[in-house]
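Please read the structure below before turning to the comments.
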Amino acid sequence: MNTPSNMLALGTKAPFFELPNPSKTNEIQSLEELKGEKGTLVIFMCNHCPFVLHVIDKINELYEDYNDKGIEFIAINANDVEKYPADAPEKMIEFQIERNFDFPYLYDESQAVAKAYDAACTPDFYFFDDKLDLIYRGQMDDSRPGNNKDVTGEDLIIAFENLLLGEPQEEIQRPSMGCNIKWK
C-alpha cells in the first residue's frame with residue numbers, strides 16, 4: 001500500500017527520544033547524544049519494505065558523503081514485530097550487517113517516537129538543523145520501486161547542501177512514499 005508522508009510542520013523541534021540500539025546490545029541512545037554538529041536526518045524505516053530496500057544503498061552512500069561534513073543519520077524501526085517478524089530487532093542487526101551501514105538503527109517498540117514525529121511510511125525522512133528545528137521532510141528523490149527513475153538522493157542532497165551553504169530550503173517539498181508503518 002502506497003502511503004505518503006504526513007509532512008510535519010517545518011520549524012517543529014525534533015521530538016526527543018531514547019531508544020535501544022540492537023546492534024550495540026540494546027544500548028540506549030538518545031537524540032541529544034547522536035545528533036550531528038550541523039544537521040541530523042531521522043529516517044523511519046524497516047528491514048523488509050520494498051521501498052526501503054530500493055533506497056538503502058543510496059542512503060548509505062549519502063551518509064558516507066555527508067557524515068564528515070557534520071550531518072548525522074539516525075534510523076528508527078517502529079514496526080509491529082509481532083505481526084511482521086522480519087522487522088524484529090535481531091533481524092535489524094542482520095539487515096545492518098548485510099547492507100553494511102554504520103549509522104545507528106534504533107528500535108521504537110512502543111511506537112511512541114514514530115507517533116511523536118507523525119511518521120506514516122517507510123522510509124520517512126526528517127532533516128533538522130543544528131538547533132534541531134525541522135528544515136526538510138519528505139522524499140529522498142523521485143525514484144520508487146518499478147517507476148524506472150534512478151535513485152539519486154537528489155532531494156536530500158539539495159537539503160543537505162542548502163544547510164551547509166547557509167541557503168534557504170526549497171519551498172516545495174514532496175512527500176516520501178512507502179509502505180505504511182505497521183501500527184499495533
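Convention: chains lettered A, B, ... in C-alpha cells order; per-chain residue numbering from 1; ligands numbered from 1 as shown.
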
Could you give me, as a tab-separated table, every range 97-184 of chain A residue with an atom at most 12 Å from range 33-41 of chain A, plus its closest atom pair and distance in Å to one decimal, counting only C-alpha atoms, rows ordered by chain then number?
```
residue	atom	partner	partner_atom	distance
A:Phe103	CA	A:Leu34	CA	9.6
A:Pro104	CA	A:Leu34	CA	8.3
A:Tyr105	CA	A:Leu34	CA	11.2
A:Leu106	CA	A:Leu34	CA	11.2
A:Pro123	CA	A:Leu41	CA	11.9
A:Asp124	CA	A:Leu41	CA	10.2
A:Phe125	CA	A:Leu41	CA	6.8
A:Tyr126	CA	A:Leu41	CA	5.6
A:Phe127	CA	A:Leu41	CA	4.4
A:Phe128	CA	A:Thr40	CA	5.2
A:Asp129	CA	A:Gly39	CA	4.4
A:Asp130	CA	A:Lys38	CA	4.6
A:Lys131	CA	A:Gly39	CA	8.3
A:Leu132	CA	A:Thr40	CA	7.5
A:Asp133	CA	A:Gly39	CA	9.4
A:Leu134	CA	A:Thr40	CA	9.4
A:Ile135	CA	A:Gly39	CA	9.5
A:Tyr136	CA	A:Leu41	CA	9.1
A:Arg137	CA	A:Leu41	CA	9.3
A:Gly138	CA	A:Leu41	CA	11.3
A:Met140	CA	A:Leu41	CA	11.1
A:Leu156	CA	A:Leu41	CA	9.3
A:Ile157	CA	A:Leu41	CA	11.5
A:Ala159	CA	A:Gly39	CA	10.1
A:Phe160	CA	A:Gly39	CA	8.0
A:Glu161	CA	A:Gly39	CA	10.8
A:Asn162	CA	A:Gly39	CA	11.1
A:Leu163	CA	A:Gly39	CA	7.7
A:Leu164	CA	A:Lys38	CA	7.6
A:Leu165	CA	A:Lys38	CA	11.0
A:Gly166	CA	A:Lys38	CA	10.7
```

Exercise. If you count only C-alpha atoms, which residues fall within 12 Å of Ala112 in chain A, apart from same-chain ones fewer than 4 positions away, as a list in words?
Worked result: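 Close residues of Ala112 in chain A: Pro15, Phe16, Phe17, Glu18, Leu19, Ile76, Asn77, Ala78, Asn79, Tyr107, Asp108, Ala116, Tyr117, Asp118, Ala119, Trp183 and Lys184 of chain A.
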
Exercise. Would you give me, as a ChimeraX atom specification, the residues in range 10-128 of chain A that DSSP reads as strand (DSSP E)?
Worked result: /A:18-21,27-30,39-44,71-77,105-107,121-122,124-128

For this session: Based on DSSP run over this structure's backbone, return all residues of chain A in alpha helix (DSSP H), as a ChimeraX atom specification.
Result: /A:31-34,50-66,89-99,112-116,154-165

Show which residues sit within 8 Å of Leu62 in chain A, as a short mmCIF file (atom, residue, chain, number, x, y, z; two decimals) with C-alpha atoms, in the first residue's frame. Count only C-alpha atoms, and ignore same-chain residues fewer than 4 positions away.
```cif
data_model
loop_
_atom_site.label_atom_id
_atom_site.label_comp_id
_atom_site.auth_asym_id
_atom_site.auth_seq_id
_atom_site.Cartn_x
_atom_site.Cartn_y
_atom_site.Cartn_z
CA LYS A 58 21.90 5.30 -1.64
CA TYR A 66 27.92 13.88 4.44
CA GLY A 153 19.10 11.07 -3.44
CA ILE A 157 21.30 16.29 -1.31
#
```

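Picture a line from CA of Ala120 in chain A to CA of Asp102 in chain A; it runs 24.3 Å.
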
For this session: For CA of Lys24 in chain A and CA of Lys91 in chain A, quote the distance in Å rounded to one decimal.
Result: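 Rounded to one decimal, the two atoms are 13.4 Å apart.
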
Exercise. What does the distance from CA of Asn47 in chain A to CA of Asn180 in chain A come to in Å, to one decimal?
Worked result: 13.2 Å

Residues near Glu64 in chain A, anyone? I mean within 12 Å using only C-alpha atoms, not counting same-chain ones fewer than 6 positions away, as a PDB file with N, CA, C and O atoms, in the first residue's frame.
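Written output follows (selection-v5.pdb):
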```
ATOM      1  N   ASP A  57      20.917   1.497  -0.154  1.00  0.00           N
ATOM      2  CA  ASP A  57      22.319   1.650  -0.568  1.00  0.00           C
ATOM      3  C   ASP A  57      22.650   3.123  -0.832  1.00  0.00           C
ATOM      4  O   ASP A  57      23.740   3.596  -0.506  1.00  0.00           O
ATOM      5  N   LYS A  58      21.696   3.862  -1.404  1.00  0.00           N
ATOM      6  CA  LYS A  58      21.903   5.296  -1.639  1.00  0.00           C
ATOM      7  C   LYS A  58      21.935   6.053  -0.312  1.00  0.00           C
ATOM      8  O   LYS A  58      22.748   6.974  -0.137  1.00  0.00           O
ATOM      9  N   GLY A  70      29.445  16.920   9.118  1.00  0.00           N
ATOM     10  CA  GLY A  70      28.666  17.311  10.295  1.00  0.00           C
ATOM     11  C   GLY A  70      27.199  16.932  10.259  1.00  0.00           C
ATOM     12  O   GLY A  70      26.413  17.402  11.074  1.00  0.00           O
ATOM     13  N   ILE A  71      26.816  16.061   9.323  1.00  0.00           N
ATOM     14  CA  ILE A  71      25.416  15.606   9.260  1.00  0.00           C
ATOM     15  C   ILE A  71      25.350  14.147   9.715  1.00  0.00           C
ATOM     16  O   ILE A  71      26.044  13.288   9.179  1.00  0.00           O
ATOM     17  N   GLU A  72      24.535  13.916  10.726  1.00  0.00           N
ATOM     18  CA  GLU A  72      24.375  12.559  11.276  1.00  0.00           C
ATOM     19  C   GLU A  72      23.049  11.977  10.805  1.00  0.00           C
ATOM     20  O   GLU A  72      22.073  12.708  10.624  1.00  0.00           O
ATOM     21  N   PHE A  73      23.032  10.671  10.585  1.00  0.00           N
ATOM     22  CA  PHE A  73      21.803   9.955  10.239  1.00  0.00           C
ATOM     23  C   PHE A  73      21.423   9.086  11.436  1.00  0.00           C
ATOM     24  O   PHE A  73      22.291   8.457  12.048  1.00  0.00           O
ATOM     25  N   ASN A 100      25.524  -3.177   5.300  1.00  0.00           N
ATOM     26  CA  ASN A 100      26.795  -2.527   5.602  1.00  0.00           C
ATOM     27  C   ASN A 100      26.671  -1.021   5.856  1.00  0.00           C
ATOM     28  O   ASN A 100      27.385  -0.235   5.261  1.00  0.00           O
ATOM     29  N   PHE A 101      25.717  -0.640   6.714  1.00  0.00           N
ATOM     30  CA  PHE A 101      25.641   0.780   7.060  1.00  0.00           C
ATOM     31  C   PHE A 101      26.035   0.979   8.519  1.00  0.00           C
ATOM     32  O   PHE A 101      25.793   0.125   9.359  1.00  0.00           O
ATOM     33  N   ASP A 102      26.658   2.129   8.780  1.00  0.00           N
ATOM     34  CA  ASP A 102      27.231   2.397  10.107  1.00  0.00           C
ATOM     35  C   ASP A 102      26.377   3.307  10.974  1.00  0.00           C
ATOM     36  O   ASP A 102      26.645   3.452  12.154  1.00  0.00           O
ATOM     37  N   PHE A 103      25.402   3.989  10.385  1.00  0.00           N
ATOM     38  CA  PHE A 103      24.613   4.908  11.216  1.00  0.00           C
ATOM     39  C   PHE A 103      23.718   4.112  12.168  1.00  0.00           C
ATOM     40  O   PHE A 103      23.370   2.964  11.888  1.00  0.00           O
TER      41      PHE A 103
END
```

For this session: Check the smallest atom-to-atom distance from each of A:Lys83, A:Asp68, A:Ile59, A:His54 to Asp150 in chain A using only C-alpha atoms, then report the winner.
Result: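 For Asp150 in chain A, the nearest of the given residues is A:His54.
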
Exercise. Nearest to Cys49 in chain A among A:Asn2, A:Gln139, A:Thr152, A:Gln29, with distances taken over only C-alpha atoms: which residue is it?
Worked result: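 Among the listed residues, A:Asn2 lies closest to Cys49 in chain A.
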
Exercise. Between A:Ser143, A:Gln173, A:Asn67, A:Asn148, which one has atoms that come closest to Phe51 in chain A, using only C-alpha atoms?
Worked result: A:Ser143

Problem set entry | Counting only C-alpha atoms, the residue of A:Asn147, A:Ser23, A:Thr122, A:Thr3 that sits nearest Glu94 in chain A |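 Smallest separation from Glu94 in chain A among the options: A:Ser23.
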